[in-house]
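I have placed the structure first, in the form of structure tokens, so that the comments after it can refer back to it.
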Amino acid sequence: MSLQTDKREFNERTTDGIGNPFMRNAVSSAQDSLKTRRLTAAASLGDWEQWRTLGQQIRQHTLKHLDYYLGQLADNIEKKGGHIYFAKTKEEASDYIRDIIVKKKAKKIVKSKSMVTEEIEMNHVLMEAGCELIETDLGEYILQMDDWDPPSHIVAPALHKDRTQIQSVFTEKLGYTGDESPENLARFARTVLRQKFLEADVGITGCNFAVANLGAINLVTNEGNGDLTAAIPKTHIAVMGMERIVPTLEEMEVLDNLLCRSAVGQKLTSYISVIGPSASGETDGPEDFHLVVVDNGRSDILGSEFNEALQCIRCGACLNVCPVYRHIGGHAYGSIYPGPIGAVITPLLGGYDDYKELPFASSLCAACTDVCPVKIPLHEQLILHRQKIVKEKRTGAVERLQMKTAGRLLSSRVLFGKALRFANPASRLLSRHGRIVRGPELVRGWINTRDLSQPVKQQDSFRAWLDKRKGGAGQ
Amino acid sequence: MTVSGKDSFLNHIASKLGRERIYDVQRPDLQALAPDSYGSLTADELIEMLKEQCFFIHTQVIESNAEILQQTLDDLVAANGGGSVITSGDARFAEYGLEFANASVWEEAAGREQNILRSEAANTAIVFADYALAESGTVVVESRPDQGRALHFLPAHYIAVIEKKRIMLRSTRAAADLNRRIQAGELLGSSINFISGPSNSADIEMKLVVGVHGPLRAAYVLI
């Protein structure tokens with residue numbers, strides 16, 4: 001998989017999502033449940049807004065001094081006997097990882113969930129090199145077994161699948177003979193994956209935050225698969241986006257609390273770990289530890305008008321409140337990063353050629369901005385994208401003409417008044433039973449999913465009514 | 001131990017930030033900025049908070065004391081279905097005079113393979129907590145030659161003994177103390193684990209399932 005999960009047109013993808021009642025039901029109930037849990041967890045901490053401000057300040061401070069903290073991290077990892085590699089591109093990152101694997105003659109790899117490894121297409125590169133690579137996060141494992149079905153949510157990747165579908169995948173691909181209960185399906189996966197951990201030559205993880213003054217990485221999980229991945233194989237390769245770093249454990253603690261509460265409504269997830277190369281005398285953990293720091297387009301965001309997007313801590317809270325995500329689902333975004341944050345960062349990482357529609361997949365209700373634990377102004381960034389896309393003339397010629405016409409009409413009192421006068425007679429041919437049922441593209445886009453009432457007759461309009469009352473107030 | 005591509009990478013970042021590389025940064029004082037959401041709590045209130053939180057994270061809490069600790073742990077191991085036990089090599093096991101039948105110990109001399117195999121074969125792991133965090137029901141444990149990482153994740157059941165004096169309000173305090181040790185130049189273990197109950201997942205229809213990878217059950221014993 002890569003950043004792009006679906007090459008079809010955006011309209012096709014959203015039509016698919018809107019026409020999938022199971023997915024919509026699953027997404028909306030997950031949204032409701034996660035939203036409630038988040039609110040409870042935030043309230044229990046108290047002063048939530050102040051904690052958000054603190055989170056924002058930590059992220060902004062770190063980004064502002066990113067070169068310093070990455071340098072400090074590198075020095076401390078080196079002191080501990082680990083290796084750190086700075087990759088400018090996804091190819092450099094994947095090639096470096098493949099070279100380690102080849103050098104070690106490694107064949108079996110266990111992996112814990114990591115979005116940046118998807119971004120750099122690492123799985124594909126390693127499997128081409130002849131390795132068996134197993135995703136160990138239960139949701140990701142389900143997707144892998146289902147022929148690498150793309151994830152649909154940042155923290156709940158298999159949200160779009162029900163238990164019957166999962167049972168069928170396990171039966172077909174793994175010879176599972178049990179029923180469809182989540183407990184039995186999970187227990188079965190435990191047995192299979194436990195063996196994989198014990199046999200693995202290399203473990204690969206993502207990194208929630210690197211801790212600069214410690215020279216270590218932080219993993220936040222509920223299943224413990226990240227810890228087993230980093231504990232058992234002799235080689236551990238961690239991959240991080242270059243912005244995912246904190247100065248010390250104290251900043252990490254604040255962000256982990258914001259992350260856990262915002263993502264899954266827990267005070268802390270079951271397992272939060274800070275790990276690095278094995279220390280002297282320790283008998284497990286990696287004898288060989290590599291951290292790969294990935295740029296892959298992030299430095300172009302740094303210092304730009306989209307700088308605040310780099311504050312993201314990948315909690316997924318913005319997805320859980322988004323009315324658009326609720327209706328179209330994660331796959332419709334065509335990116336490993338769905339939802340509002342995906343609509344902001346995917347075009348930045350992947351370019352407008354493939355992703356110019358995403359910033360328009362928003363109602364601009366600002367619920368995402370309100371919920372973001374590190375205060376990224378998501379809806380403002382979406383507007384910024386839209387402005388740039390329009391300025392670069394990437395919208396269709398017809399749409400531009402329609403918008404230009406609408407702009408002229410709406411900015412002129414005289415023209416607007418005339419248009420209102422003729423709106424009713426002009427719309428008669430397009431209407432049925434008081435509703436507009438056909439029209440040009442702009443109108444079609446609206447009436448495909450919503451009602452559009454026929455404009456009222458001039459004599460029934462509010463303006464006519466007001467004109468009649470002028471000078472006669474109180475009649 | 002290598003560092004590759006550092007300088008050109010970091011120079012590029014600095015240029016994107018519109019300046020030269022910097023080599024000294026004063027980080028903001030977080031203690032002054034972090035809200036105090038709870039105020040001061042007594043030791044008893046912290047214990048009550050820990051017990052209440054453990055209910056939500058599916059973790060059993062048993063109050064014991066030094067005199068009956070052995071019996072408490074034996075009962076818990078039996079409740080887990082007996083089987084083999086693995087403990088860390090923590091000196092506190094000897095201090096409290098603890099011994100278990102059919103037990104092994106995580107030890108440097110056993111080496112990687114043996115320690116991992118012993119942990120995988122064990123039905124119950126028993127460790128002592130370095131810190132315990134009341135608010136989240138968390139124990140904090142650090143890796144050492146006598147206490148590996150896999151010890152906490154491979155056995156089917158997990159028991160952490162918590163000395164009441166090690167209970168603190170929340171992760172802020174533990175992080176601050178650990179960071180103080182780092183800044184003082186102390187070498188910490190290569191793995192610091194914040195463990196809050198058994199392994200769980202909600203990946204299938206958002207239904208919480210306990211024990212996907214790590215322990216199926218967790219219990220804390222307070223002394």
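Simple scheme: letters A, B, ... for chains in structure tokens order, numbers from 1 for residues in each chain, numbers from 1 for ligands in the order shown.
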
Residue neighbourhood Ile86 of chain B, 10 Å, only C-alpha atoms, exclusion window fewer than 5 positions, as an MDAnalysis selection string: chainID B and resid 100 102:106 115 118:127 151 155 158

Exercise: segment 390-394 of chain A partners within 12 Å, only C-alpha atoms, chain neighbours under 4 positions left out, as a PyMOL selection string: chain A and resi 351-357+359-360+383-386+398-401+403-404

Shell of 10 Å around segment 181-185 of chain B, only C-alpha atoms, local chain residues under 6 positions omitted, as a CSV table (one decimal) with N, CA and C atoms, in the first residue's frame:
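The resulting file, result_37.csv, is shown below:
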```csv
chain,number,residue,atom,x,y,z
A,213,ASN,N,15.8,13.7,24.4
A,213,ASN,CA,16.8,13.7,25.4
A,213,ASN,C,17.1,12.3,26.0
A,214,LEU,N,16.3,11.3,25.6
A,214,LEU,CA,16.5,9.9,26.0
A,214,LEU,C,17.0,9.0,24.9
A,248,THR,N,11.3,15.7,25.9
A,248,THR,CA,11.6,14.8,27.0
A,248,THR,C,10.3,14.0,27.3
A,249,LEU,N,10.5,13.1,28.3
A,249,LEU,CA,9.3,12.3,28.8
A,249,LEU,C,8.2,13.2,29.3
B,175,ALA,N,6.6,10.7,34.9
B,175,ALA,CA,7.4,11.2,33.8
B,175,ALA,C,8.4,12.2,34.3
```

Would you kindly report the residues of chain B within 7 Å of chain A, using only C-alpha atoms, as an mmCIF file with N, CA, C and O atoms, in the first residue's frame?
```cif
data_model
loop_
_atom_site.group_PDB
_atom_site.id
_atom_site.type_symbol
_atom_site.label_atom_id
_atom_site.label_comp_id
_atom_site.auth_asym_id
_atom_site.auth_seq_id
_atom_site.Cartn_x
_atom_site.Cartn_y
_atom_site.Cartn_z
ATOM 1 N N MET B 1 26.818 1.288 15.372
ATOM 2 C CA MET B 1 26.167 2.537 15.720
ATOM 3 C C MET B 1 26.490 3.607 14.685
ATOM 4 O O MET B 1 27.622 4.031 14.580
ATOM 5 N N THR B 2 25.523 3.940 13.908
ATOM 6 C CA THR B 2 25.765 4.907 12.833
ATOM 7 C C THR B 2 24.658 5.955 12.809
ATOM 8 O O THR B 2 23.542 5.713 13.224
ATOM 9 N N VAL B 3 25.045 7.110 12.319
ATOM 10 C CA VAL B 3 24.070 8.166 12.054
ATOM 11 C C VAL B 3 24.266 8.534 10.590
ATOM 12 O O VAL B 3 25.365 8.904 10.195
ATOM 13 N N SER B 4 23.215 8.395 9.790
ATOM 14 C CA SER B 4 23.390 8.636 8.361
ATOM 15 C C SER B 4 22.538 9.790 7.881
ATOM 16 O O SER B 4 21.350 9.850 8.156
ATOM 17 N N GLY B 5 23.185 10.669 7.125
ATOM 18 C CA GLY B 5 22.460 11.756 6.465
ATOM 19 C C GLY B 5 22.014 12.865 7.382
ATOM 20 O O GLY B 5 21.188 13.692 7.002
ATOM 21 N N LYS B 6 22.578 12.905 8.599
ATOM 22 C CA LYS B 6 22.048 13.842 9.593
ATOM 23 C C LYS B 6 22.197 15.305 9.179
ATOM 24 O O LYS B 6 21.216 16.047 9.144
ATOM 25 N N PHE B 9 20.216 16.672 6.211
ATOM 26 C CA PHE B 9 18.791 16.605 6.563
ATOM 27 C C PHE B 9 18.420 17.758 7.509
ATOM 28 O O PHE B 9 17.444 18.478 7.290
ATOM 29 N N LEU B 10 19.229 17.927 8.542
ATOM 30 C CA LEU B 10 18.903 18.954 9.544
ATOM 31 C C LEU B 10 19.149 20.367 9.011
ATOM 32 O O LEU B 10 18.413 21.289 9.353
ATOM 33 N N ILE B 13 16.101 21.251 7.107
ATOM 34 C CA ILE B 13 15.003 21.647 8.009
ATOM 35 C C ILE B 13 15.198 23.083 8.481
ATOM 36 O O ILE B 13 14.274 23.906 8.458
ATOM 37 N N ALA B 14 16.412 23.389 8.890
ATOM 38 C CA ALA B 14 16.685 24.753 9.377
ATOM 39 C C ALA B 14 16.395 25.774 8.286
ATOM 40 O O ALA B 14 15.794 26.825 8.544
ATOM 41 N N LYS B 16 14.285 25.495 5.866
ATOM 42 C CA LYS B 16 12.823 25.607 5.709
ATOM 43 C C LYS B 16 12.224 26.459 6.831
ATOM 44 O O LYS B 16 11.165 27.062 6.666
ATOM 45 N N LEU B 17 12.891 26.446 7.980
ATOM 46 C CA LEU B 17 12.417 27.276 9.092
ATOM 47 C C LEU B 17 12.941 28.704 8.975
ATOM 48 O O LEU B 17 12.692 29.542 9.844
ATOM 49 N N ARG B 21 21.119 26.503 11.477
ATOM 50 C CA ARG B 21 20.961 25.466 12.510
ATOM 51 C C ARG B 21 21.138 26.067 13.897
ATOM 52 O O ARG B 21 21.924 27.005 14.084
ATOM 53 N N ILE B 22 20.398 25.536 14.865
ATOM 54 C CA ILE B 22 20.594 25.992 16.247
ATOM 55 C C ILE B 22 21.071 24.816 17.094
ATOM 56 O O ILE B 22 20.721 23.662 16.823
ATOM 57 N N TYR B 23 21.862 25.141 18.100
ATOM 58 C CA TYR B 23 22.481 24.076 18.892
ATOM 59 C C TYR B 23 22.158 24.200 20.378
ATOM 60 O O TYR B 23 22.701 23.482 21.201
ATOM 61 N N LEU B 33 2.831 25.255 33.446
ATOM 62 C CA LEU B 33 1.707 25.355 32.504
ATOM 63 C C LEU B 33 0.648 24.265 32.696
ATOM 64 O O LEU B 33 -0.503 24.431 32.299
ATOM 65 N N ALA B 34 1.067 23.132 33.273
ATOM 66 C CA ALA B 34 0.133 21.999 33.378
ATOM 67 C C ALA B 34 -0.934 22.267 34.435
ATOM 68 O O ALA B 34 -0.605 22.622 35.573
ATOM 69 N N PRO B 35 -2.203 22.111 34.077
ATOM 70 C CA PRO B 35 -3.261 22.336 35.069
ATOM 71 C C PRO B 35 -3.195 21.300 36.196
ATOM 72 O O PRO B 35 -2.844 20.151 35.956
ATOM 73 N N SER B 37 -5.447 19.273 38.003
ATOM 74 C CA SER B 37 -6.866 18.927 37.917
ATOM 75 C C SER B 37 -7.409 18.268 39.178
ATOM 76 O O SER B 37 -8.609 18.097 39.309
ATOM 77 N N GLU B 108 19.793 -12.819 33.830
ATOM 78 C CA GLU B 108 20.742 -12.525 32.755
ATOM 79 C C GLU B 108 21.434 -13.807 32.285
ATOM 80 O O GLU B 108 21.602 -14.030 31.090
ATOM 81 N N GLY B 111 20.025 -16.047 29.403
ATOM 82 C CA GLY B 111 20.131 -15.628 27.998
ATOM 83 C C GLY B 111 18.782 -15.391 27.347
ATOM 84 O O GLY B 111 17.728 -15.714 27.891
ATOM 85 N N ARG B 112 18.853 -14.811 26.149
ATOM 86 C CA ARG B 112 17.633 -14.396 25.452
ATOM 87 C C ARG B 112 16.652 -15.550 25.237
ATOM 88 O O ARG B 112 15.487 -15.491 25.655
ATOM 89 N N SER B 136 -4.931 6.350 36.332
ATOM 90 C CA SER B 136 -5.140 5.498 35.164
ATOM 91 C C SER B 136 -5.044 4.008 35.468
ATOM 92 O O SER B 136 -5.219 3.181 34.571
ATOM 93 N N ARG B 144 15.507 -4.416 33.030
ATOM 94 C CA ARG B 144 16.824 -4.565 33.667
ATOM 95 C C ARG B 144 17.340 -5.950 33.304
ATOM 96 O O ARG B 144 16.581 -6.767 32.765
ATOM 97 N N PRO B 145 18.576 -6.246 33.623
ATOM 98 C CA PRO B 145 19.043 -7.611 33.336
ATOM 99 C C PRO B 145 18.182 -8.680 34.019
ATOM 100 O O PRO B 145 18.038 -9.784 33.498
ATOM 101 N N GLY B 148 13.209 -8.644 32.015
ATOM 102 C CA GLY B 148 13.166 -8.346 30.579
ATOM 103 C C GLY B 148 11.854 -7.732 30.164
ATOM 104 O O GLY B 148 10.941 -7.551 30.961
ATOM 105 N N ARG B 149 11.799 -7.406 28.883
ATOM 106 C CA ARG B 149 10.587 -6.784 28.344
ATOM 107 C C ARG B 149 9.472 -7.816 28.152
ATOM 108 O O ARG B 149 8.324 -7.574 28.496
ATOM 109 N N ALA B 150 9.848 -8.972 27.578
ATOM 110 C CA ALA B 150 8.831 -9.961 27.206
ATOM 111 C C ALA B 150 8.141 -10.562 28.433
ATOM 112 O O ALA B 150 7.036 -11.105 28.326
ATOM 113 N N PHE B 153 4.651 -9.474 28.805
ATOM 114 C CA PHE B 153 3.706 -9.636 27.688
ATOM 115 C C PHE B 153 3.434 -11.077 27.281
ATOM 116 O O PHE B 153 2.406 -11.359 26.686
ATOM 117 N N SER B 171 0.435 10.061 35.626
ATOM 118 C CA SER B 171 1.644 9.885 34.823
ATOM 119 C C SER B 171 2.558 11.114 34.837
ATOM 120 O O SER B 171 3.758 10.988 34.621
ATOM 121 N N THR B 172 1.989 12.278 35.089
ATOM 122 C CA THR B 172 2.808 13.494 35.121
ATOM 123 C C THR B 172 3.959 13.344 36.116
ATOM 124 O O THR B 172 5.098 13.690 35.825
ATOM 125 N N ALA B 175 6.556 10.685 34.945
ATOM 126 C CA ALA B 175 7.366 11.203 33.835
ATOM 127 C C ALA B 175 8.377 12.218 34.345
ATOM 128 O O ALA B 175 9.534 12.233 33.919
ATOM 129 N N ALA B 176 7.939 13.062 35.269
ATOM 130 C CA ALA B 176 8.847 14.079 35.805
ATOM 131 C C ALA B 176 9.997 13.419 36.562
ATOM 132 O O ALA B 176 11.161 13.831 36.429
ATOM 133 N N ASN B 179 12.332 11.740 34.107
ATOM 134 C CA ASN B 179 13.118 12.748 33.382
ATOM 135 C C ASN B 179 14.197 13.368 34.271
ATOM 136 O O ASN B 179 15.302 13.658 33.814
ATOM 137 N N GLY B 189 16.733 1.763 32.145
ATOM 138 C CA GLY B 189 16.586 0.548 31.335
ATOM 139 C C GLY B 189 16.190 0.925 29.918
ATOM 140 O O GLY B 189 15.664 2.019 29.677
ATOM 141 N N SER B 190 16.382 0.003 28.992
ATOM 142 C CA SER B 190 16.110 0.342 27.591
ATOM 143 C C SER B 190 14.622 0.368 27.292
ATOM 144 O O SER B 190 14.204 0.806 26.231
ATOM 145 N N SER B 191 13.830 -0.114 28.232
ATOM 146 C CA SER B 191 12.383 -0.132 28.017
ATOM 147 C C SER B 191 11.675 0.288 29.297
ATOM 148 O O SER B 191 11.907 -0.293 30.359
ATOM 149 N N ILE B 192 10.872 1.320 29.188
ATOM 150 C CA ILE B 192 10.042 1.732 30.334
ATOM 151 C C ILE B 192 8.607 1.493 29.915
ATOM 152 O O ILE B 192 8.138 2.063 28.920
ATOM 153 N N ASN B 193 7.927 0.621 30.656
ATOM 154 C CA ASN B 193 6.577 0.242 30.266
ATOM 155 C C ASN B 193 5.549 0.770 31.240
ATOM 156 O O ASN B 193 5.648 0.543 32.445
ATOM 157 N N PHE B 194 4.568 1.474 30.713
ATOM 158 C CA PHE B 194 3.401 1.901 31.482
ATOM 159 C C PHE B 194 2.300 0.888 31.149
ATOM 160 O O PHE B 194 1.793 0.863 30.022
ATOM 161 N N ILE B 195 1.960 0.061 32.111
ATOM 162 C CA ILE B 195 1.021 -1.035 31.851
ATOM 163 C C ILE B 195 -0.273 -0.783 32.623
ATOM 164 O O ILE B 195 -0.264 -0.641 33.843
ATOM 165 N N SER B 196 -1.374 -0.735 31.896
ATOM 166 C CA SER B 196 -2.674 -0.481 32.536
ATOM 167 C C SER B 196 -3.606 -1.649 32.235
ATOM 168 O O SER B 196 -4.436 -1.585 31.332
ATOM 169 N N GLY B 197 -3.414 -2.727 32.968
ATOM 170 C CA GLY B 197 -4.307 -3.871 32.825
ATOM 171 C C GLY B 197 -3.932 -4.802 31.701
ATOM 172 O O GLY B 197 -2.841 -4.727 31.140
ATOM 173 N N PRO B 198 -4.854 -5.724 31.386
ATOM 174 C CA PRO B 198 -4.550 -6.742 30.369
ATOM 175 C C PRO B 198 -4.598 -6.161 28.962
ATOM 176 O O PRO B 198 -5.135 -5.080 28.744
ATOM 177 N N SER B 199 -4.060 -6.937 28.038
ATOM 178 C CA SER B 199 -4.118 -6.568 26.621
ATOM 179 C C SER B 199 -5.565 -6.513 26.166
ATOM 180 O O SER B 199 -6.385 -7.338 26.560
ATOM 181 N N ASN B 200 -5.907 -5.532 25.374
ATOM 182 C CA ASN B 200 -7.274 -5.531 24.823
ATOM 183 C C ASN B 200 -7.321 -4.918 23.440
ATOM 184 O O ASN B 200 -6.390 -4.255 23.000
ATOM 185 N N SER B 201 -8.432 -5.186 22.776
ATOM 186 C CA SER B 201 -8.609 -4.673 21.421
ATOM 187 C C SER B 201 -10.088 -4.413 21.187
ATOM 188 O O SER B 201 -10.943 -5.078 21.770
ATOM 189 N N ASP B 203 -10.998 -4.025 17.810
ATOM 190 C CA ASP B 203 -10.895 -3.983 16.353
ATOM 191 C C ASP B 203 -12.032 -4.706 15.644
ATOM 192 O O ASP B 203 -12.196 -4.559 14.441
ATOM 193 N N ILE B 204 -12.781 -5.533 16.352
ATOM 194 C CA ILE B 204 -13.895 -6.221 15.694
ATOM 195 C C ILE B 204 -15.198 -5.576 16.172
ATOM 196 O O ILE B 204 -15.601 -5.720 17.328
ATOM 197 N N GLU B 205 -15.823 -4.830 15.292
ATOM 198 C CA GLU B 205 -17.087 -4.145 15.563
ATOM 199 C C GLU B 205 -17.026 -3.293 16.833
ATOM 200 O O GLU B 205 -18.027 -3.136 17.524
ATOM 201 N N MET B 206 -15.873 -2.762 17.147
ATOM 202 C CA MET B 206 -15.663 -1.888 18.303
ATOM 203 C C MET B 206 -16.019 -2.590 19.620
ATOM 204 O O MET B 206 -16.257 -1.935 20.624
ATOM 205 N N VAL B 209 -12.411 -6.720 23.465
ATOM 206 C CA VAL B 209 -12.017 -8.104 23.706
ATOM 207 C C VAL B 209 -10.705 -8.071 24.473
ATOM 208 O O VAL B 209 -9.768 -7.384 24.079
ATOM 209 N N VAL B 212 -5.689 -10.011 23.437
ATOM 210 C CA VAL B 212 -5.388 -10.302 22.034
ATOM 211 C C VAL B 212 -3.934 -10.740 21.872
ATOM 212 O O VAL B 212 -3.634 -11.676 21.138
ATOM 213 N N HIS B 213 -3.036 -10.056 22.541
ATOM 214 C CA HIS B 213 -1.622 -10.420 22.406
ATOM 215 C C HIS B 213 -0.975 -10.694 23.764
ATOM 216 O O HIS B 213 -0.367 -11.718 23.966
ATOM 217 N N GLY B 214 -1.094 -9.748 24.657
ATOM 218 C CA GLY B 214 -0.419 -9.862 25.954
ATOM 219 C C GLY B 214 -1.268 -10.650 26.934
ATOM 220 O O GLY B 214 -2.039 -11.527 26.537
#
```

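On the backbone of this structure, DSSP gives strand (DSSP E) within segment 35-157 of chain B to Thr59, Gln60, Val61, Ile62, Glu63, Val85, Ile86, Thr87, Ala103, Ser104, Val105, Thr124, Ala125, Ile126, Val127, Phe128, Tyr131, Ala132, Leu133, Thr138, Val139, Val140, Val141, Glu142 and His157 of chain B.
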
Within 7 Å of Ile223 of chain B using only C-alpha atoms, minus same-chain residues under 5 positions, as an MDAnalysis selection string: chainID B and resid 63:66 162:164

Residues flagged alpha helix (DSSP H) by DSSP in segment 293-357 of chain A, as a list in words: Arg298, Ser299, Asp300, Ile301, Pro323, Val324, Tyr325, Arg326, His327, Ile328, Gly339, Pro340, Ile341, Gly342, Ala343, Val344, Ile345, Thr346, Pro347, Leu348, Leu349, Gly350, Tyr352, Asp353, Asp354 and Tyr355 of chain A

Written selection (N, CA, C and O atoms) as an mmCIF file, in the first residue's frame:
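Result file result.cif:
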```cif
data_model
loop_
_atom_site.group_PDB
_atom_site.id
_atom_site.type_symbol
_atom_site.label_atom_id
_atom_site.label_comp_id
_atom_site.auth_asym_id
_atom_site.auth_seq_id
_atom_site.Cartn_x
_atom_site.Cartn_y
_atom_site.Cartn_z
ATOM 1 N N ARG A 298 7.482 16.310 4.141
ATOM 2 C CA ARG A 298 7.115 17.055 5.352
ATOM 3 C C ARG A 298 7.855 18.394 5.442
ATOM 4 O O ARG A 298 7.319 19.376 5.941
ATOM 5 N N SER A 299 9.104 18.396 4.971
ATOM 6 C CA SER A 299 9.874 19.646 5.095
ATOM 7 C C SER A 299 9.274 20.745 4.225
ATOM 8 O O SER A 299 9.492 21.928 4.490
ATOM 9 N N ASP A 300 8.523 20.357 3.196
ATOM 10 C CA ASP A 300 7.863 21.395 2.384
ATOM 11 C C ASP A 300 6.678 22.014 3.143
ATOM 12 O O ASP A 300 6.221 23.106 2.817
ATOM 13 N N ILE A 301 6.160 21.289 4.114
ATOM 14 C CA ILE A 301 5.040 21.807 4.924
ATOM 15 C C ILE A 301 5.594 22.710 6.033
ATOM 16 O O ILE A 301 4.994 23.713 6.412
ATOM 17 N N PRO A 323 -19.068 15.109 9.946
ATOM 18 C CA PRO A 323 -20.301 14.647 9.288
ATOM 19 C C PRO A 323 -20.046 14.095 7.877
ATOM 20 O O PRO A 323 -20.788 13.239 7.416
ATOM 21 N N VAL A 324 -18.985 14.563 7.240
ATOM 22 C CA VAL A 324 -18.691 14.067 5.891
ATOM 23 C C VAL A 324 -18.117 12.656 5.966
ATOM 24 O O VAL A 324 -18.569 11.734 5.275
ATOM 25 N N TYR A 325 -17.126 12.462 6.846
ATOM 26 C CA TYR A 325 -16.554 11.123 7.056
ATOM 27 C C TYR A 325 -17.670 10.137 7.436
ATOM 28 O O TYR A 325 -17.681 8.993 6.995
ATOM 29 N N ARG A 326 -18.605 10.604 8.228
ATOM 30 C CA ARG A 326 -19.710 9.758 8.684
ATOM 31 C C ARG A 326 -20.485 9.184 7.494
ATOM 32 O O ARG A 326 -20.958 8.059 7.523
ATOM 33 N N HIS A 327 -20.618 9.993 6.435
ATOM 34 C CA HIS A 327 -21.434 9.551 5.305
ATOM 35 C C HIS A 327 -20.646 8.834 4.220
ATOM 36 O O HIS A 327 -21.153 7.912 3.598
ATOM 37 N N ILE A 328 -19.407 9.263 3.994
ATOM 38 C CA ILE A 328 -18.692 8.647 2.868
ATOM 39 C C ILE A 328 -17.720 7.555 3.321
ATOM 40 O O ILE A 328 -17.298 6.735 2.514
ATOM 41 N N GLY A 339 -10.485 11.341 6.621
ATOM 42 C CA GLY A 339 -11.120 12.325 7.496
ATOM 43 C C GLY A 339 -10.547 13.724 7.306
ATOM 44 O O GLY A 339 -9.778 13.982 6.376
ATOM 45 N N PRO A 340 -10.907 14.641 8.188
ATOM 46 C CA PRO A 340 -10.463 16.029 8.050
ATOM 47 C C PRO A 340 -8.941 16.183 8.008
ATOM 48 O O PRO A 340 -8.407 16.878 7.149
ATOM 49 N N ILE A 341 -8.239 15.490 8.917
ATOM 50 C CA ILE A 341 -6.777 15.643 8.888
ATOM 51 C C ILE A 341 -6.221 15.047 7.599
ATOM 52 O O ILE A 341 -5.264 15.573 7.016
ATOM 53 N N GLY A 342 -6.846 13.968 7.132
ATOM 54 C CA GLY A 342 -6.416 13.376 5.863
ATOM 55 C C GLY A 342 -6.632 14.334 4.705
ATOM 56 O O GLY A 342 -5.796 14.438 3.802
ATOM 57 N N ALA A 343 -7.757 15.067 4.754
ATOM 58 C CA ALA A 343 -8.054 16.014 3.677
ATOM 59 C C ALA A 343 -7.082 17.181 3.687
ATOM 60 O O ALA A 343 -6.873 17.831 2.670
ATOM 61 N N VAL A 344 -6.454 17.418 4.843
ATOM 62 C CA VAL A 344 -5.435 18.478 4.907
ATOM 63 C C VAL A 344 -4.067 17.935 4.496
ATOM 64 O O VAL A 344 -3.389 18.505 3.632
ATOM 65 N N ILE A 345 -3.653 16.797 5.085
ATOM 66 C CA ILE A 345 -2.255 16.397 4.854
ATOM 67 C C ILE A 345 -2.050 15.567 3.586
ATOM 68 O O ILE A 345 -0.969 15.604 3.013
ATOM 69 N N THR A 346 -3.076 14.858 3.149
ATOM 70 C CA THR A 346 -2.875 14.042 1.937
ATOM 71 C C THR A 346 -2.502 14.903 0.729
ATOM 72 O O THR A 346 -1.531 14.586 0.032
ATOM 73 N N PRO A 347 -3.215 16.001 0.454
ATOM 74 C CA PRO A 347 -2.790 16.822 -0.686
ATOM 75 C C PRO A 347 -1.395 17.426 -0.488
ATOM 76 O O PRO A 347 -0.688 17.666 -1.449
ATOM 77 N N LEU A 348 -1.005 17.638 0.767
ATOM 78 C CA LEU A 348 0.323 18.199 1.012
ATOM 79 C C LEU A 348 1.407 17.163 0.711
ATOM 80 O O LEU A 348 2.457 17.474 0.155
ATOM 81 N N LEU A 349 1.131 15.913 1.081
ATOM 82 C CA LEU A 349 2.134 14.865 0.861
ATOM 83 C C LEU A 349 2.050 14.282 -0.545
ATOM 84 O O LEU A 349 3.052 13.876 -1.122
ATOM 85 N N GLY A 350 0.826 14.228 -1.083
ATOM 86 C CA GLY A 350 0.636 13.550 -2.376
ATOM 87 C C GLY A 350 0.372 14.489 -3.543
ATOM 88 O O GLY A 350 0.366 14.053 -4.695
ATOM 89 N N TYR A 352 -1.788 18.010 -5.419
ATOM 90 C CA TYR A 352 -3.159 18.293 -5.860
ATOM 91 C C TYR A 352 -3.561 17.467 -7.082
ATOM 92 O O TYR A 352 -4.746 17.288 -7.326
ATOM 93 N N ASP A 353 -2.592 16.984 -7.853
ATOM 94 C CA ASP A 353 -2.969 16.226 -9.051
ATOM 95 C C ASP A 353 -3.897 15.064 -8.688
ATOM 96 O O ASP A 353 -4.877 14.802 -9.372
ATOM 97 N N ASP A 354 -3.562 14.377 -7.612
ATOM 98 C CA ASP A 354 -4.367 13.211 -7.216
ATOM 99 C C ASP A 354 -5.394 13.527 -6.135
ATOM 100 O O ASP A 354 -6.317 12.750 -5.931
ATOM 101 N N TYR A 355 -5.207 14.614 -5.417
ATOM 102 C CA TYR A 355 -6.045 14.801 -4.219
ATOM 103 C C TYR A 355 -6.732 16.155 -4.138
ATOM 104 O O TYR A 355 -7.078 16.603 -3.049
#
```

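Picture a line from atom CA of Val169 of chain A to atom CA of Leu143 of chain A; it runs 9.2 Å.
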